[in-house]
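The data block below is final.cif; it holds mmCIF, N, CA and C atoms.
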data_start
#
loop_
_atom_site.label_atom_id
_atom_site.label_comp_id
_atom_site.auth_asym_id
_atom_site.auth_seq_id
_atom_site.Cartn_x
_atom_site.Cartn_y
_atom_site.Cartn_z
N MET A 802 70.65 -54.06 19.06
CA MET A 802 69.46 -54.76 19.43
C MET A 802 68.89 -54.07 20.68
N TRP A 803 67.65 -53.71 20.64
CA TRP A 803 67.02 -53.04 21.77
C TRP A 803 65.93 -53.94 22.32
N ARG A 804 65.88 -54.01 23.60
CA ARG A 804 64.78 -54.76 24.21
C ARG A 804 64.48 -54.19 25.58
N ARG A 805 63.28 -54.35 25.99
CA ARG A 805 62.87 -53.88 27.30
C ARG A 805 63.27 -54.95 28.31
N ASP A 806 63.72 -54.57 29.47
CA ASP A 806 64.16 -55.56 30.43
C ASP A 806 63.85 -55.07 31.84
N ALA A 807 64.30 -55.83 32.81
CA ALA A 807 64.05 -55.53 34.21
C ALA A 807 64.64 -54.17 34.59
N PRO A 808 64.08 -53.51 35.62
CA PRO A 808 64.56 -52.20 36.03
C PRO A 808 66.05 -52.15 36.37
N GLY A 809 66.62 -53.22 36.85
CA GLY A 809 68.03 -53.21 37.23
C GLY A 809 68.98 -53.64 36.11
N ALA A 810 68.48 -53.71 34.88
CA ALA A 810 69.29 -54.21 33.77
C ALA A 810 70.48 -53.30 33.50
N ARG A 811 71.57 -53.89 33.02
CA ARG A 811 72.78 -53.14 32.69
C ARG A 811 73.12 -53.33 31.23
N ARG A 812 73.98 -52.46 30.71
CA ARG A 812 74.43 -52.56 29.32
C ARG A 812 75.33 -53.78 29.19
N ARG A 813 75.07 -54.56 28.15
CA ARG A 813 75.87 -55.76 27.89
C ARG A 813 76.26 -55.80 26.43
N GLY A 814 77.36 -56.44 26.11
CA GLY A 814 77.71 -56.57 24.71
C GLY A 814 78.86 -57.52 24.51
N VAL A 815 78.98 -58.03 23.29
CA VAL A 815 80.07 -58.93 22.97
C VAL A 815 81.38 -58.17 23.08
N ARG A 816 81.38 -56.93 22.59
CA ARG A 816 82.53 -56.04 22.73
C ARG A 816 82.00 -54.70 23.20
N SER A 817 82.77 -54.02 23.99
CA SER A 817 82.34 -52.69 24.44
C SER A 817 82.53 -51.69 23.31
N ARG A 818 81.90 -50.56 23.42
CA ARG A 818 82.03 -49.51 22.40
C ARG A 818 83.49 -49.08 22.28
N GLN A 819 84.20 -49.00 23.39
CA GLN A 819 85.61 -48.61 23.37
C GLN A 819 86.44 -49.61 22.59
N ASP A 820 86.18 -50.91 22.77
CA ASP A 820 86.90 -51.94 22.02
C ASP A 820 86.69 -51.76 20.52
N VAL A 821 85.45 -51.45 20.12
CA VAL A 821 85.14 -51.27 18.71
C VAL A 821 85.94 -50.10 18.16
N CYS A 822 85.95 -48.98 18.88
CA CYS A 822 86.68 -47.80 18.42
C CYS A 822 88.17 -48.05 18.35
N ASP A 823 88.72 -48.82 19.29
CA ASP A 823 90.15 -49.11 19.28
C ASP A 823 90.53 -49.97 18.08
N LEU A 824 89.63 -50.89 17.68
CA LEU A 824 89.93 -51.78 16.58
C LEU A 824 89.86 -51.08 15.23
N ASN A 825 88.90 -50.20 15.07
CA ASN A 825 88.71 -49.52 13.80
C ASN A 825 88.08 -48.16 14.06
N PRO A 826 88.87 -47.14 14.34
CA PRO A 826 88.33 -45.84 14.74
C PRO A 826 87.47 -45.16 13.67
N LYS A 827 87.65 -45.48 12.39
CA LYS A 827 86.87 -44.83 11.34
C LYS A 827 85.51 -45.47 11.12
N SER A 828 85.32 -46.67 11.58
CA SER A 828 84.07 -47.39 11.35
C SER A 828 83.25 -47.39 12.63
N PRO A 829 82.00 -46.85 12.58
CA PRO A 829 81.19 -46.83 13.79
C PRO A 829 80.79 -48.23 14.25
N LEU A 830 80.52 -49.14 13.33
CA LEU A 830 80.16 -50.51 13.67
C LEU A 830 80.81 -51.47 12.69
N PRO A 831 81.98 -52.02 13.00
CA PRO A 831 82.62 -52.96 12.09
C PRO A 831 81.75 -54.19 11.86
N ASP A 832 81.93 -54.85 10.71
CA ASP A 832 81.08 -55.99 10.37
C ASP A 832 81.36 -57.22 11.21
N PHE A 833 82.44 -57.25 11.97
CA PHE A 833 82.77 -58.41 12.77
C PHE A 833 82.34 -58.27 14.22
N CYS A 834 81.60 -57.27 14.54
CA CYS A 834 81.28 -56.99 15.94
C CYS A 834 79.79 -56.81 16.13
N MET A 835 79.30 -57.24 17.29
CA MET A 835 77.91 -57.03 17.64
C MET A 835 77.86 -56.39 19.01
N THR A 836 77.06 -55.38 19.17
CA THR A 836 76.87 -54.74 20.46
C THR A 836 75.41 -54.87 20.84
N THR A 837 75.15 -55.29 22.05
CA THR A 837 73.79 -55.40 22.56
C THR A 837 73.65 -54.44 23.72
N ILE A 838 72.59 -53.66 23.71
CA ILE A 838 72.33 -52.71 24.78
C ILE A 838 70.94 -52.98 25.31
N THR A 839 70.82 -53.17 26.60
CA THR A 839 69.52 -53.38 27.22
C THR A 839 69.01 -52.04 27.73
N VAL A 840 67.81 -51.68 27.33
CA VAL A 840 67.22 -50.40 27.71
C VAL A 840 66.16 -50.64 28.76
N LYS A 841 66.21 -49.86 29.82
CA LYS A 841 65.20 -49.98 30.86
C LYS A 841 63.86 -49.46 30.34
N THR A 842 62.78 -49.92 30.93
CA THR A 842 61.46 -49.49 30.56
C THR A 842 61.35 -47.98 30.69
N GLY A 843 60.87 -47.34 29.64
CA GLY A 843 60.70 -45.89 29.65
C GLY A 843 61.96 -45.12 29.28
N GLN A 844 63.10 -45.78 29.19
CA GLN A 844 64.35 -45.11 28.86
C GLN A 844 64.42 -44.86 27.36
N LYS A 845 64.89 -43.70 26.98
CA LYS A 845 65.05 -43.35 25.57
C LYS A 845 66.50 -43.56 25.17
N PRO A 846 66.75 -44.05 23.96
CA PRO A 846 68.14 -44.20 23.51
C PRO A 846 68.78 -42.83 23.33
N THR A 847 70.08 -42.76 23.54
CA THR A 847 70.80 -41.51 23.37
C THR A 847 70.96 -41.21 21.88
N LYS A 848 71.35 -39.98 21.56
CA LYS A 848 71.57 -39.62 20.16
C LYS A 848 72.67 -40.47 19.54
N GLU A 849 73.71 -40.76 20.32
CA GLU A 849 74.80 -41.60 19.83
C GLU A 849 74.30 -43.01 19.52
N GLN A 850 73.45 -43.56 20.39
CA GLN A 850 72.91 -44.90 20.16
C GLN A 850 72.01 -44.93 18.93
N ILE A 851 71.21 -43.88 18.74
CA ILE A 851 70.35 -43.81 17.55
C ILE A 851 71.22 -43.74 16.29
N LYS A 852 72.31 -42.97 16.37
CA LYS A 852 73.24 -42.86 15.24
C LYS A 852 73.84 -44.23 14.91
N GLU A 853 74.22 -45.01 15.95
CA GLU A 853 74.77 -46.34 15.75
C GLU A 853 73.75 -47.27 15.09
N ILE A 854 72.50 -47.18 15.54
CA ILE A 854 71.44 -48.04 14.99
C ILE A 854 71.23 -47.72 13.51
N ARG A 855 71.18 -46.44 13.18
CA ARG A 855 70.98 -46.04 11.78
C ARG A 855 72.15 -46.49 10.91
N ALA A 856 73.37 -46.36 11.44
CA ALA A 856 74.55 -46.80 10.69
C ALA A 856 74.51 -48.31 10.47
N ALA A 857 74.11 -49.05 11.49
CA ALA A 857 74.03 -50.52 11.37
C ALA A 857 72.96 -50.92 10.36
N ALA A 858 71.85 -50.19 10.31
CA ALA A 858 70.78 -50.51 9.37
C ALA A 858 71.23 -50.32 7.92
N LYS A 859 72.16 -49.38 7.70
CA LYS A 859 72.65 -49.11 6.34
C LYS A 859 73.80 -50.02 5.94
N ALA A 860 74.43 -50.66 6.90
CA ALA A 860 75.60 -51.49 6.63
C ALA A 860 75.20 -52.74 5.85
N PRO A 861 76.04 -53.18 4.92
CA PRO A 861 75.72 -54.40 4.17
C PRO A 861 75.88 -55.63 5.06
N ILE A 862 75.16 -56.68 4.71
CA ILE A 862 75.27 -57.93 5.44
C ILE A 862 76.43 -58.71 4.83
N ASN A 863 77.37 -59.11 5.65
CA ASN A 863 78.53 -59.87 5.18
C ASN A 863 78.35 -61.34 5.57
N TYR A 864 78.05 -62.17 4.58
CA TYR A 864 77.87 -63.59 4.82
C TYR A 864 79.24 -64.27 4.86
N THR A 865 79.39 -65.24 5.76
CA THR A 865 80.64 -65.98 5.89
C THR A 865 80.32 -67.47 5.88
N PRO A 866 81.33 -68.34 5.81
CA PRO A 866 81.06 -69.78 5.89
C PRO A 866 80.38 -70.17 7.21
N ASP A 867 80.68 -69.42 8.27
CA ASP A 867 80.04 -69.71 9.56
C ASP A 867 78.60 -69.22 9.60
N CYS A 868 78.29 -68.23 8.77
CA CYS A 868 76.95 -67.64 8.75
C CYS A 868 76.54 -67.40 7.30
N PRO A 869 76.21 -68.47 6.57
CA PRO A 869 75.86 -68.32 5.16
C PRO A 869 74.46 -67.73 4.99
N LYS A 870 74.18 -67.25 3.79
CA LYS A 870 72.85 -66.73 3.47
C LYS A 870 71.86 -67.89 3.51
N SER A 871 70.71 -67.67 4.09
CA SER A 871 69.69 -68.72 4.19
C SER A 871 69.06 -68.98 2.83
N THR A 872 68.82 -70.25 2.57
CA THR A 872 68.16 -70.64 1.33
C THR A 872 66.66 -70.47 1.50
N PRO A 873 65.90 -70.35 0.40
CA PRO A 873 64.44 -70.25 0.52
C PRO A 873 63.84 -71.45 1.27
N GLU A 874 64.42 -72.64 1.07
CA GLU A 874 63.91 -73.83 1.76
C GLU A 874 64.13 -73.71 3.27
N ALA A 875 65.31 -73.23 3.67
CA ALA A 875 65.61 -73.07 5.10
C ALA A 875 64.70 -72.02 5.72
N LEU A 876 64.45 -70.92 5.00
CA LEU A 876 63.55 -69.88 5.51
C LEU A 876 62.13 -70.40 5.65
N ALA A 877 61.67 -71.21 4.70
CA ALA A 877 60.32 -71.78 4.77
C ALA A 877 60.21 -72.73 5.97
N GLU A 878 61.26 -73.52 6.20
CA GLU A 878 61.26 -74.44 7.34
C GLU A 878 61.24 -73.65 8.66
N PHE A 879 62.04 -72.58 8.71
CA PHE A 879 62.08 -71.74 9.90
C PHE A 879 60.70 -71.11 10.16
N ALA A 880 60.06 -70.60 9.10
CA ALA A 880 58.74 -69.98 9.25
C ALA A 880 57.72 -70.99 9.75
N ALA A 881 57.77 -72.22 9.25
CA ALA A 881 56.83 -73.26 9.69
C ALA A 881 57.03 -73.58 11.17
N LYS A 882 58.29 -73.70 11.58
CA LYS A 882 58.57 -73.98 13.00
C LYS A 882 58.15 -72.81 13.89
N ALA A 883 58.35 -71.58 13.42
CA ALA A 883 57.93 -70.40 14.19
C ALA A 883 56.41 -70.37 14.35
N ARG A 884 55.69 -70.67 13.26
CA ARG A 884 54.22 -70.73 13.33
C ARG A 884 53.76 -71.78 14.33
N GLU A 885 54.39 -72.94 14.27
CA GLU A 885 54.06 -74.05 15.18
C GLU A 885 54.31 -73.64 16.64
N LEU A 886 55.42 -72.98 16.88
CA LEU A 886 55.75 -72.53 18.24
C LEU A 886 54.73 -71.51 18.74
N ARG A 887 54.38 -70.54 17.89
CA ARG A 887 53.39 -69.52 18.29
C ARG A 887 52.06 -70.16 18.63
N GLN A 888 51.64 -71.14 17.83
CA GLN A 888 50.37 -71.80 18.10
C GLN A 888 50.42 -72.57 19.41
N SER A 889 51.55 -73.23 19.69
CA SER A 889 51.65 -73.99 20.94
C SER A 889 51.69 -73.06 22.14
N LEU A 890 52.30 -71.89 21.99
CA LEU A 890 52.33 -70.93 23.10
C LEU A 890 50.95 -70.37 23.38
N LYS A 891 50.20 -70.10 22.31
CA LYS A 891 48.83 -69.60 22.51
C LYS A 891 47.98 -70.65 23.20
N ALA A 892 48.18 -71.92 22.84
CA ALA A 892 47.41 -73.00 23.45
C ALA A 892 47.76 -73.15 24.93
N ASN A 893 48.99 -72.83 25.30
CA ASN A 893 49.42 -72.96 26.69
C ASN A 893 49.09 -71.74 27.54
N LYS A 894 48.64 -70.65 26.92
CA LYS A 894 48.32 -69.43 27.67
C LYS A 894 46.87 -69.04 27.40
N PRO A 895 45.95 -69.60 28.16
CA PRO A 895 44.56 -69.24 27.93
C PRO A 895 44.27 -67.81 28.36
N ALA A 896 43.33 -67.16 27.68
CA ALA A 896 42.92 -65.81 28.04
C ALA A 896 42.01 -65.87 29.26
N VAL A 897 42.25 -64.98 30.22
CA VAL A 897 41.43 -64.90 31.43
C VAL A 897 41.06 -63.45 31.69
N THR A 898 40.05 -63.27 32.51
CA THR A 898 39.64 -61.92 32.92
C THR A 898 39.84 -61.81 34.42
N ILE A 899 40.50 -60.74 34.85
CA ILE A 899 40.67 -60.49 36.28
C ILE A 899 40.24 -59.07 36.59
N ARG A 900 39.91 -58.82 37.84
CA ARG A 900 39.55 -57.47 38.27
C ARG A 900 40.69 -56.92 39.12
N ILE A 901 41.21 -55.77 38.70
CA ILE A 901 42.25 -55.10 39.47
C ILE A 901 41.87 -53.63 39.60
N SER A 902 42.48 -52.96 40.54
CA SER A 902 42.15 -51.55 40.78
C SER A 902 42.62 -50.70 39.60
N PRO A 903 41.93 -49.60 39.36
CA PRO A 903 42.36 -48.70 38.28
C PRO A 903 43.78 -48.16 38.49
N VAL A 904 44.17 -47.95 39.74
CA VAL A 904 45.51 -47.45 40.05
C VAL A 904 46.56 -48.48 39.63
N CYS A 905 46.32 -49.75 39.96
CA CYS A 905 47.24 -50.82 39.60
C CYS A 905 47.34 -50.94 38.08
N LEU A 906 46.22 -50.90 37.40
CA LEU A 906 46.22 -51.00 35.94
C LEU A 906 46.98 -49.84 35.31
N ALA A 907 46.79 -48.65 35.85
CA ALA A 907 47.49 -47.47 35.32
C ALA A 907 49.01 -47.62 35.46
N LYS A 908 49.45 -48.18 36.59
CA LYS A 908 50.89 -48.38 36.80
C LYS A 908 51.46 -49.35 35.76
N TYR A 909 50.73 -50.42 35.46
CA TYR A 909 51.21 -51.36 34.46
C TYR A 909 51.18 -50.74 33.06
N LYS A 910 50.14 -49.97 32.74
CA LYS A 910 50.04 -49.36 31.43
C LYS A 910 51.15 -48.34 31.19
N GLU A 911 51.65 -47.74 32.27
CA GLU A 911 52.77 -46.80 32.16
C GLU A 911 54.03 -47.49 31.62
N LEU A 912 54.10 -48.82 31.77
CA LEU A 912 55.25 -49.57 31.28
C LEU A 912 55.27 -49.64 29.76
N GLY A 913 54.15 -49.32 29.13
CA GLY A 913 54.10 -49.30 27.67
C GLY A 913 53.64 -50.61 27.07
N LYS A 914 53.89 -50.72 25.77
CA LYS A 914 53.46 -51.90 25.03
C LYS A 914 54.05 -53.16 25.66
N GLY A 915 53.24 -54.18 25.80
CA GLY A 915 53.70 -55.43 26.39
C GLY A 915 53.45 -55.51 27.89
N TYR A 916 52.69 -54.55 28.44
CA TYR A 916 52.47 -54.55 29.89
C TYR A 916 51.71 -55.78 30.36
N THR A 917 50.87 -56.38 29.50
CA THR A 917 50.14 -57.57 29.93
C THR A 917 51.10 -58.75 30.11
N GLY A 918 52.13 -58.82 29.28
CA GLY A 918 53.15 -59.86 29.45
C GLY A 918 53.91 -59.68 30.75
N ILE A 919 54.16 -58.43 31.11
CA ILE A 919 54.84 -58.15 32.38
C ILE A 919 53.96 -58.56 33.55
N MET A 920 52.66 -58.28 33.42
CA MET A 920 51.72 -58.71 34.48
C MET A 920 51.75 -60.23 34.63
N ALA A 921 51.78 -60.94 33.51
CA ALA A 921 51.83 -62.41 33.55
C ALA A 921 53.12 -62.89 34.20
N ASP A 922 54.24 -62.22 33.90
CA ASP A 922 55.52 -62.57 34.52
C ASP A 922 55.48 -62.38 36.03
N VAL A 923 54.86 -61.28 36.47
CA VAL A 923 54.75 -61.01 37.91
C VAL A 923 53.89 -62.08 38.57
N LEU A 924 52.79 -62.45 37.95
CA LEU A 924 51.91 -63.48 38.51
C LEU A 924 52.63 -64.84 38.57
N ASP A 925 53.40 -65.16 37.52
CA ASP A 925 54.17 -66.41 37.53
C ASP A 925 55.19 -66.41 38.67
N TYR A 926 55.85 -65.27 38.85
CA TYR A 926 56.88 -65.17 39.90
C TYR A 926 56.26 -65.35 41.28
N VAL A 927 55.12 -64.71 41.51
CA VAL A 927 54.45 -64.84 42.82
C VAL A 927 53.95 -66.27 43.02
N ALA A 928 53.45 -66.89 41.95
CA ALA A 928 52.97 -68.27 42.06
C ALA A 928 54.12 -69.22 42.42
N ASP A 929 55.32 -68.92 41.91
CA ASP A 929 56.49 -69.75 42.20
C ASP A 929 57.11 -69.44 43.57
N ASN A 930 56.75 -68.30 44.16
CA ASN A 930 57.30 -67.89 45.46
C ASN A 930 56.15 -67.49 46.38
N PRO A 931 55.45 -68.47 46.94
CA PRO A 931 54.26 -68.17 47.75
C PRO A 931 54.54 -67.33 48.99
N GLU A 932 55.81 -67.29 49.46
CA GLU A 932 56.13 -66.47 50.62
C GLU A 932 55.89 -64.98 50.35
N ILE A 933 55.98 -64.58 49.08
CA ILE A 933 55.70 -63.18 48.72
C ILE A 933 54.23 -62.89 48.93
N LEU A 934 53.37 -63.80 48.52
CA LEU A 934 51.93 -63.61 48.69
C LEU A 934 51.58 -63.59 50.18
N THR A 935 52.20 -64.46 50.96
CA THR A 935 51.95 -64.48 52.39
C THR A 935 52.37 -63.16 53.02
N LYS A 936 53.51 -62.64 52.61
CA LYS A 936 54.01 -61.38 53.13
C LYS A 936 53.10 -60.22 52.75
N ALA A 937 52.59 -60.22 51.51
CA ALA A 937 51.73 -59.14 51.01
C ALA A 937 50.38 -59.14 51.71
N ARG A 938 49.89 -60.30 52.07
CA ARG A 938 48.59 -60.42 52.73
C ARG A 938 48.69 -60.12 54.22
N GLY A 939 49.89 -60.03 54.72
CA GLY A 939 50.13 -59.65 56.11
C GLY A 939 49.90 -60.74 57.03
#
Structure rendered as structure tokens:
Amino acid sequence: MWRRDAPGARRRGVRSRQDVCDLNPKSPLPDFCMTTITVKTGQKPTKEQIKEIRAAAKAPINYTPDCPKSTPEALAEFAAKARELRQSLKANKPAVTIRISPVCLAKYKELGKGYTGIMADVLDYVADNPEILTKARG
């Protein structure tokens, strides 16, 4: 699983890569294990990580009693709830227009896709911590 995260993010996982290799050295990704890696903004995955992702994509899905295959009814219910959640989030986040310097905008755009969400997170953080705004204004 790849996701963009804060600059200080570290690699995390249910089991480390070494644990996986110790348990089953011939299998790159056993079906009983999940590894999560957080990638910093702008960071490219290594060749080994890309190889792991491709191997995982080809691996069959093993359903168990703890994780059975979803029924069409359950998937339809999930889709309806997801639609409802998306609509409520859009209603809670109105679109606004702000003026910022071209330099500031360029720095955010360098973060890549999703930079507007990062801008919103920064604004939320400053709104929750007014001492930062006081410090910035001098």
If you take every atom of region 838-843 of chain A that the file lists and fit an axis-aligned box around them with 5 Å extra on each side, what centre and edge lengths come out in Å to one decimal, as lines of an AutoDock Vina configuration file?
center_x = 66.6
center_y = -49.4
center_z = 27.3
size_x = 21.9
size_y = 18.5
size_z = 17.2
Exercise. Can you list every residue in region 865-933 of chain A that DSSP puts in helix (DSSP H, G or I), as a PyMOL selection string?
Worked result: chain A and resi 873-893+903-910+916-929+931-933
Exercise. Counting only C-alpha atoms, what is within 12 Å of region 914-927 of chain A, bar same-chain residues fewer than 3 positions away, as a VMD selection string?
Worked result: chain A and resid 804 to 808 842 to 843 894 to 899 901 905 to 911 930 to 937
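Atom N of Pro861 (chain A) sits 22.3 Å away from atom C of Pro846 (chain A).
A straight line drawn from atom N of Thr837 (chain A) to atom N of Ala857 (chain A) is 12.3 Å long.
Listed by chain and then by rising number, the residues of region 827-938 of chain A that DSSP assigns to strand (DSSP E or B) from the backbone are Ile838, Thr839, Val840, Lys841, Thr865 and Cys868 of chain A.
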Exercise. What gap, in Å, lies between CA of Ala875 (chain A) and CA of Gln888 (chain A)?
Worked result: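 Rounded to one decimal, the two atoms are 20.1 Å apart.
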